[in-house]
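Below: the structure, in structure tokens.
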Amino acid sequence: MLKENRSTSIPKSTEKHVLYDKVVCGLCHKHYIRKKLRGKYFWQCHTYFYEGKDKCPNKKVPEEVLMKIYKKEHKTLQEIVVLGDGRLQVRLDHKTYNKKWSYRPERKKNGTKTSN
Ligand SMILES: [Zn+2]
């Protein structure tokens, strides 16, 4: 039997991530967009993604780095600006501070197990 699609229901695609509109590129001032890469979410500059790194060489930031800040600061968080030098500028309602971040992607070892 055919069932009618309920067109009045809210489409899922409008759901926004909590960081949507909060992450800004410090080099070109565009918003960062969310991308999935090898099973992990990253945020990447809109310009970098669509126009290439010649236009904006800013780095992509792992979502967990941003979420850590979000979880701590969400009550007063305005924006997180990704500065080009490995720092994030966290803008709160009445305070702004810079935070260094680093991220080491997991590297595959030679597959040797040291223990069983
Ligand atoms: Zn940018």
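Lettering and numbering for the structure tokens are positional, with chains as A, B, ... in the shown order, residues counted from 1 in each chain, and ligands counted from 1 in the shown order.
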Dump the neighbourhood of ligand 1 as a ChimeraX atom specification: all residues within 9 Å, distances computed on only C-alpha atoms and all ligand atoms.
-> /A:24-32,44-49,53,55-59,82,84
Between CA of Val61 in chain A and CA of Arg34 in chain A, what is the spacing in Å?
->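 Calculated distance between CA of Arg34 in chain A and CA of Val61 in chain A is 9.6 Å.
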Enter the distance from CA of Leu92 in chain A to CA of Phe42 in chain A, in Å, rounded to one decimal.
-> 22.1 Å
Of the listed residues A:Gln78, A:Pro62, A:Arg91, A:Lys68, that which approaches Arg38 in chain A most closely, counting only C-alpha atoms | A:Pro62
When you look at Val90 in chain A with a cut-off of 12 Å (counting only C-alpha atoms), what residues show up, excluding the ones that are within fewer than 4 positions of it in the same chain? I need them as a tab-separated table (two decimals) with all heavy atoms, in the first residue's frame.
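In the end it all went to result-v6.tsv:
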chain	number	residue	atom	x	y	z
A	22	LYS	N	29.07	29.59	13.79
A	22	LYS	CA	29.89	30.02	14.92
A	22	LYS	C	31.38	30.01	14.59
A	22	LYS	O	32.17	30.66	15.24
A	22	LYS	CB	29.67	29.07	16.11
A	22	LYS	CG	28.33	29.18	16.76
A	22	LYS	CD	28.47	29.75	18.15
A	22	LYS	CE	27.19	29.69	18.94
A	22	LYS	NZ	26.23	30.72	18.53
A	23	VAL	N	31.74	29.26	13.57
A	23	VAL	CA	33.16	29.10	13.27
A	23	VAL	C	33.50	29.96	12.05
A	23	VAL	O	32.92	29.81	10.99
A	23	VAL	CB	33.51	27.62	13.00
A	23	VAL	CG1	35.01	27.45	12.87
A	23	VAL	CG2	32.96	26.73	14.09
A	24	VAL	N	34.44	30.87	12.25
A	24	VAL	CA	34.75	31.85	11.23
A	24	VAL	C	36.23	31.78	10.87
A	24	VAL	O	37.08	31.60	11.74
A	24	VAL	CB	34.40	33.27	11.72
A	24	VAL	CG1	34.75	34.33	10.69
A	24	VAL	CG2	32.93	33.37	12.09
A	26	GLY	N	39.67	33.30	10.12
A	26	GLY	CA	40.35	34.54	10.48
A	26	GLY	C	41.10	35.16	9.32
A	26	GLY	O	41.54	36.30	9.40
A	66	LEU	N	36.84	21.91	18.37
A	66	LEU	CA	35.85	22.98	18.48
A	66	LEU	C	34.78	22.65	19.52
A	66	LEU	O	34.32	23.52	20.26
A	66	LEU	CB	35.20	23.21	17.12
A	66	LEU	CG	36.17	23.67	16.02
A	66	LEU	CD1	35.54	23.53	14.66
A	66	LEU	CD2	36.61	25.10	16.25
A	68	LYS	N	35.09	20.89	22.16
A	68	LYS	CA	35.62	21.04	23.50
A	68	LYS	C	35.41	22.48	23.98
A	68	LYS	O	35.01	22.72	25.12
A	68	LYS	CB	37.12	20.71	23.49
A	68	LYS	CG	37.51	19.74	24.59
A	68	LYS	CD	38.98	19.41	24.53
A	68	LYS	CE	39.19	17.96	24.08
A	68	LYS	NZ	40.61	17.59	24.02
A	69	ILE	N	35.68	23.42	23.09
A	69	ILE	CA	35.47	24.82	23.42
A	69	ILE	C	33.98	25.10	23.58
A	69	ILE	O	33.54	25.75	24.52
A	69	ILE	CB	36.07	25.73	22.33
A	69	ILE	CG1	37.59	25.55	22.30
A	69	ILE	CG2	35.70	27.19	22.57
A	69	ILE	CD1	38.26	26.17	21.10
A	70	TYR	N	33.21	24.57	22.65
A	70	TYR	CA	31.77	24.81	22.69
A	70	TYR	C	31.16	24.32	24.01
A	70	TYR	O	30.37	25.02	24.65
A	70	TYR	CB	31.09	24.12	21.51
A	70	TYR	CG	29.59	24.30	21.53
A	70	TYR	CD1	29.01	25.48	21.06
A	70	TYR	CD2	28.77	23.32	22.07
A	70	TYR	CE1	27.64	25.66	21.11
A	70	TYR	CE2	27.40	23.49	22.12
A	70	TYR	CZ	26.83	24.67	21.65
A	70	TYR	OH	25.48	24.85	21.71
A	72	LYS	N	32.50	23.96	26.83
A	72	LYS	CA	32.94	24.75	27.97
A	72	LYS	C	32.29	26.14	27.95
A	72	LYS	O	31.97	26.70	29.00
A	72	LYS	CB	34.46	24.89	27.89
A	72	LYS	CG	35.10	25.34	29.17
A	72	LYS	CD	36.63	25.35	29.03
A	72	LYS	CE	37.23	26.40	29.94
A	72	LYS	NZ	38.36	27.08	29.34
A	73	GLU	N	32.10	26.68	26.77
A	73	GLU	CA	31.76	28.11	26.66
A	73	GLU	C	30.39	28.40	26.06
A	73	GLU	O	30.07	29.55	25.81
A	73	GLU	CB	32.81	28.83	25.79
A	73	GLU	CG	34.25	28.56	26.16
A	73	GLU	CD	34.67	29.32	27.42
A	73	GLU	OE1	33.81	29.84	28.14
A	73	GLU	OE2	35.89	29.37	27.67
A	74	HIS	N	29.61	27.37	25.81
A	74	HIS	CA	28.41	27.58	24.98
A	74	HIS	C	27.44	28.63	25.52
A	74	HIS	O	26.68	29.21	24.76
A	74	HIS	CB	27.69	26.25	24.75
A	74	HIS	CG	27.09	25.66	25.98
A	74	HIS	ND1	25.76	25.81	26.29
A	74	HIS	CD2	27.64	24.96	26.99
A	74	HIS	CE1	25.52	25.19	27.44
A	74	HIS	NE2	26.64	24.68	27.89
A	76	THR	N	28.03	31.55	26.67
A	76	THR	CA	28.34	32.92	26.24
A	76	THR	C	29.07	32.97	24.91
A	76	THR	O	29.50	34.03	24.48
A	76	THR	CB	29.20	33.63	27.31
A	76	THR	OG1	30.35	32.82	27.58
A	76	THR	CG2	28.43	33.86	28.59
A	77	LEU	N	29.18	31.84	24.25
A	77	LEU	CA	29.97	31.79	23.03
A	77	LEU	C	29.31	32.57	21.88
A	77	LEU	O	28.14	32.40	21.58
A	77	LEU	CB	30.18	30.33	22.59
A	77	LEU	CG	31.05	30.14	21.35
A	77	LEU	CD1	32.48	30.56	21.61
A	77	LEU	CD2	31.00	28.69	20.89
A	78	GLN	N	30.10	33.43	21.29
A	78	GLN	CA	29.63	34.16	20.11
A	78	GLN	C	30.19	33.53	18.84
A	78	GLN	O	29.46	33.23	17.91
A	78	GLN	CB	30.10	35.62	20.18
A	78	GLN	CG	29.64	36.36	21.41
A	78	GLN	CD	28.44	37.23	21.12
A	78	GLN	OE1	28.23	37.61	19.99
A	78	GLN	NE2	27.66	37.54	22.13
A	79	GLU	N	31.50	33.40	18.84
A	79	GLU	CA	32.18	32.93	17.64
A	79	GLU	C	33.50	32.27	18.00
A	79	GLU	O	34.11	32.61	19.00
A	79	GLU	CB	32.55	34.12	16.75
A	79	GLU	CG	31.57	34.43	15.67
A	79	GLU	CD	31.99	35.66	14.88
A	79	GLU	OE1	33.04	36.26	15.16
A	79	GLU	OE2	31.26	36.02	13.98
A	80	ILE	N	33.91	31.37	17.15
A	80	ILE	CA	35.28	30.87	17.24
A	80	ILE	C	35.95	31.25	15.92
A	80	ILE	O	35.50	30.86	14.84
A	80	ILE	CB	35.32	29.34	17.42
A	80	ILE	CG1	34.59	28.93	18.71
A	80	ILE	CG2	36.76	28.84	17.44
A	80	ILE	CD1	34.38	27.43	18.84
A	81	VAL	N	36.99	32.05	16.02
A	81	VAL	CA	37.69	32.48	14.82
A	81	VAL	C	38.94	31.63	14.67
A	81	VAL	O	39.75	31.50	15.59
A	81	VAL	CB	38.07	33.98	14.90
A	81	VAL	CG1	38.77	34.42	13.62
A	81	VAL	CG2	36.85	34.83	15.16
A	82	VAL	N	39.11	31.05	13.50
A	82	VAL	CA	40.28	30.22	13.25
A	82	VAL	C	41.39	31.11	12.70
A	82	VAL	O	41.33	31.58	11.57
A	82	VAL	CB	39.96	29.09	12.26
A	82	VAL	CG1	41.19	28.20	12.07
A	82	VAL	CG2	38.77	28.27	12.72
A	83	LEU	N	42.37	31.39	13.57
A	83	LEU	CA	43.50	32.19	13.13
A	83	LEU	C	44.41	31.28	12.32
A	83	LEU	O	44.40	30.07	12.48
A	83	LEU	CB	44.22	32.78	14.35
A	83	LEU	CG	43.31	33.60	15.29
A	83	LEU	CD1	44.04	33.96	16.56
A	83	LEU	CD2	42.80	34.85	14.60
A	94	HIS	N	31.54	38.75	26.79
A	94	HIS	CA	32.31	39.91	27.25
A	94	HIS	C	33.77	39.57	27.46
A	94	HIS	O	34.43	40.11	28.32
A	94	HIS	CB	31.68	40.49	28.52
A	94	HIS	CG	31.03	39.47	29.39
A	94	HIS	ND1	29.69	39.40	29.55
A	94	HIS	CD2	31.55	38.43	30.07
A	94	HIS	CE1	29.41	38.37	30.33
A	94	HIS	NE2	30.51	37.76	30.65
A	95	LYS	N	34.24	38.66	26.67
A	95	LYS	CA	35.63	38.26	26.81
A	95	LYS	C	36.08	37.62	25.50
A	95	LYS	O	35.30	36.98	24.82
A	95	LYS	CB	35.74	37.26	27.97
A	95	LYS	CG	37.13	36.83	28.31
A	95	LYS	CD	37.12	36.10	29.65
A	95	LYS	CE	37.24	34.61	29.39
A	95	LYS	NZ	37.56	33.84	30.61
A	96	THR	N	37.33	37.83	25.16
A	96	THR	CA	37.91	37.18	24.00
A	96	THR	C	39.26	36.63	24.39
A	96	THR	O	40.03	37.31	25.06
A	96	THR	CB	38.08	38.19	22.84
A	96	THR	OG1	36.80	38.68	22.46
A	96	THR	CG2	38.72	37.53	21.63
A	97	TYR	N	39.51	35.40	24.05
A	97	TYR	CA	40.85	34.88	24.33
A	97	TYR	C	41.31	33.96	23.20
A	97	TYR	O	40.49	33.46	22.43
A	97	TYR	CB	40.89	34.16	25.68
A	97	TYR	CG	40.06	32.90	25.77
A	97	TYR	CD1	40.59	31.66	25.42
A	97	TYR	CD2	38.74	32.95	26.24
A	97	TYR	CE1	39.83	30.50	25.53
A	97	TYR	CE2	37.97	31.80	26.34
A	97	TYR	CZ	38.52	30.57	25.99
A	97	TYR	OH	37.77	29.44	26.09
A	98	ASN	N	42.60	33.80	23.11
A	98	ASN	CA	43.16	32.92	22.10
A	98	ASN	C	43.56	31.59	22.71
A	98	ASN	O	44.01	31.53	23.84
A	98	ASN	CB	44.39	33.56	21.45
A	98	ASN	CG	44.00	34.74	20.59
A	98	ASN	OD1	42.85	34.92	20.24
A	98	ASN	ND2	44.98	35.56	20.24
A	99	LYS	N	43.40	30.59	21.93
A	99	LYS	CA	43.71	29.26	22.41
A	99	LYS	C	44.50	28.53	21.35
A	99	LYS	O	44.12	28.51	20.18
A	99	LYS	CB	42.38	28.54	22.68
A	99	LYS	CG	42.53	27.24	23.38
A	99	LYS	CD	41.13	26.69	23.65
A	99	LYS	CE	41.18	25.23	24.07
A	99	LYS	NZ	41.99	24.99	25.26
A	100	LYS	N	45.59	27.94	21.77
A	100	LYS	CA	46.38	27.17	20.84
A	100	LYS	C	45.79	25.77	20.72
A	100	LYS	O	45.32	25.21	21.70
A	100	LYS	CB	47.81	27.05	21.38
A	100	LYS	CG	48.84	27.49	20.38
A	100	LYS	CD	50.23	27.36	20.97
A	100	LYS	CE	51.24	27.47	19.97
A	100	LYS	NZ	51.64	27.43	18.83
A	101	TRP	N	45.78	25.27	19.54
A	101	TRP	CA	45.31	23.89	19.42
A	101	TRP	C	46.29	23.10	18.57
A	101	TRP	O	47.00	23.62	17.73
A	101	TRP	CB	43.91	23.83	18.81
A	101	TRP	CG	43.85	24.24	17.36
A	101	TRP	CD1	43.74	25.51	16.88
A	101	TRP	CD2	43.90	23.39	16.21
A	101	TRP	NE1	43.72	25.49	15.51
A	101	TRP	CE2	43.81	24.21	15.07
A	101	TRP	CE3	44.00	22.00	16.04
A	101	TRP	CZ2	43.82	23.69	13.77
A	101	TRP	CZ3	44.01	21.48	14.75
A	101	TRP	CH2	43.92	22.33	13.63
Between CA of Arg87 in chain A and CA of Glu15 in chain A, measure the distance and give it in Å to one decimal.
-> 28.6 Å
From the DSSP assignment of the backbone, select every residue of range 49-115 of chain A that is alpha helix (DSSP H), and format the answer as a list in words.
->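 In range 49-115 of chain A, DSSP puts these residues in alpha helix (DSSP H): Phe49, Tyr50, Glu51, Glu63, Glu64, Val65, Leu66, Met67, Lys68, Ile69, Tyr70, Lys71, Lys72 and Glu73 of chain A.
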Of the candidates A:Trp43, A:Ile33, A:Tyr103, A:Lys75, which one gets nearest to Lys60 in chain A if we count only C-alpha atoms?
-> A:Trp43
Where does DSSP see strand (DSSP E or B) in range 15-76 of chain A, if you list the residues as an MDAnalysis selection string?
-> chainID A and resid 23:25 31:37 40:45 61:62
Pull N, CA, C and O atoms from the residues just selected and write them as an mmCIF file, in the first residue's frame.
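Output file selection.cif follows:
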data_model
loop_
_atom_site.group_PDB
_atom_site.id
_atom_site.type_symbol
_atom_site.label_atom_id
_atom_site.label_comp_id
_atom_site.auth_asym_id
_atom_site.auth_seq_id
_atom_site.Cartn_x
_atom_site.Cartn_y
_atom_site.Cartn_z
ATOM 1 N N VAL A 23 31.743 29.260 13.573
ATOM 2 C CA VAL A 23 33.160 29.100 13.270
ATOM 3 C C VAL A 23 33.505 29.959 12.055
ATOM 4 O O VAL A 23 32.920 29.809 10.985
ATOM 5 N N VAL A 24 34.437 30.866 12.250
ATOM 6 C CA VAL A 24 34.751 31.851 11.227
ATOM 7 C C VAL A 24 36.234 31.778 10.871
ATOM 8 O O VAL A 24 37.081 31.595 11.736
ATOM 9 N N CYS A 25 36.532 31.949 9.603
ATOM 10 C CA CYS A 25 37.908 31.976 9.138
ATOM 11 C C CYS A 25 38.541 33.332 9.456
ATOM 12 O O CYS A 25 37.996 34.367 9.086
ATOM 13 N N HIS A 31 32.563 31.807 6.803
ATOM 14 C CA HIS A 31 32.263 30.782 7.783
ATOM 15 C C HIS A 31 32.915 29.459 7.415
ATOM 16 O O HIS A 31 33.143 29.178 6.249
ATOM 17 N N TYR A 32 33.171 28.717 8.435
ATOM 18 C CA TYR A 32 33.655 27.364 8.229
ATOM 19 C C TYR A 32 32.483 26.431 7.965
ATOM 20 O O TYR A 32 31.369 26.661 8.440
ATOM 21 N N ILE A 33 32.761 25.397 7.192
ATOM 22 C CA ILE A 33 31.724 24.410 6.908
ATOM 23 C C ILE A 33 32.163 23.038 7.422
ATOM 24 O O ILE A 33 33.343 22.774 7.584
ATOM 25 N N ARG A 34 31.176 22.179 7.646
ATOM 26 C CA ARG A 34 31.441 20.892 8.257
ATOM 27 C C ARG A 34 31.655 19.828 7.186
ATOM 28 O O ARG A 34 30.870 19.734 6.248
ATOM 29 N N LYS A 35 32.690 19.064 7.347
ATOM 30 C CA LYS A 35 33.015 18.038 6.364
ATOM 31 C C LYS A 35 33.380 16.747 7.065
ATOM 32 O O LYS A 35 34.015 16.755 8.105
ATOM 33 N N LYS A 36 33.007 15.667 6.442
ATOM 34 C CA LYS A 36 33.374 14.382 7.005
ATOM 35 C C LYS A 36 34.577 13.839 6.253
ATOM 36 O O LYS A 36 34.612 13.847 5.027
ATOM 37 N N LEU A 37 35.556 13.404 7.004
ATOM 38 C CA LEU A 37 36.771 12.910 6.393
ATOM 39 C C LEU A 37 37.220 11.678 7.159
ATOM 40 O O LEU A 37 37.509 11.753 8.338
ATOM 41 N N LYS A 40 35.625 11.033 10.395
ATOM 42 C CA LYS A 40 35.672 12.083 11.409
ATOM 43 C C LYS A 40 35.185 13.385 10.812
ATOM 44 O O LYS A 40 35.340 13.630 9.621
ATOM 45 N N TYR A 41 34.642 14.212 11.663
ATOM 46 C CA TYR A 41 34.177 15.506 11.191
ATOM 47 C C TYR A 41 35.242 16.578 11.379
ATOM 48 O O TYR A 41 35.885 16.644 12.416
ATOM 49 N N PHE A 42 35.376 17.362 10.346
ATOM 50 C CA PHE A 42 36.283 18.497 10.374
ATOM 51 C C PHE A 42 35.517 19.727 9.943
ATOM 52 O O PHE A 42 34.510 19.643 9.248
ATOM 53 N N TRP A 43 36.049 20.866 10.332
ATOM 54 C CA TRP A 43 35.488 22.126 9.846
ATOM 55 C C TRP A 43 36.546 22.800 8.993
ATOM 56 O O TRP A 43 37.720 22.847 9.350
ATOM 57 N N GLN A 44 36.103 23.273 7.849
ATOM 58 C CA GLN A 44 37.023 23.805 6.877
ATOM 59 C C GLN A 44 36.492 25.117 6.311
ATOM 60 O O GLN A 44 35.291 25.299 6.155
ATOM 61 N N CYS A 45 37.416 26.003 5.996
ATOM 62 C CA CYS A 45 37.036 27.297 5.451
ATOM 63 C C CYS A 45 36.253 27.134 4.146
ATOM 64 O O CYS A 45 36.630 26.374 3.263
ATOM 65 N N VAL A 61 39.941 22.277 10.980
ATOM 66 C CA VAL A 61 40.011 22.036 12.412
ATOM 67 C C VAL A 61 39.119 20.842 12.747
ATOM 68 O O VAL A 61 37.964 20.800 12.333
ATOM 69 N N PRO A 62 39.652 19.877 13.490
ATOM 70 C CA PRO A 62 38.822 18.743 13.886
ATOM 71 C C PRO A 62 37.657 19.199 14.751
ATOM 72 O O PRO A 62 37.812 20.078 15.596
#
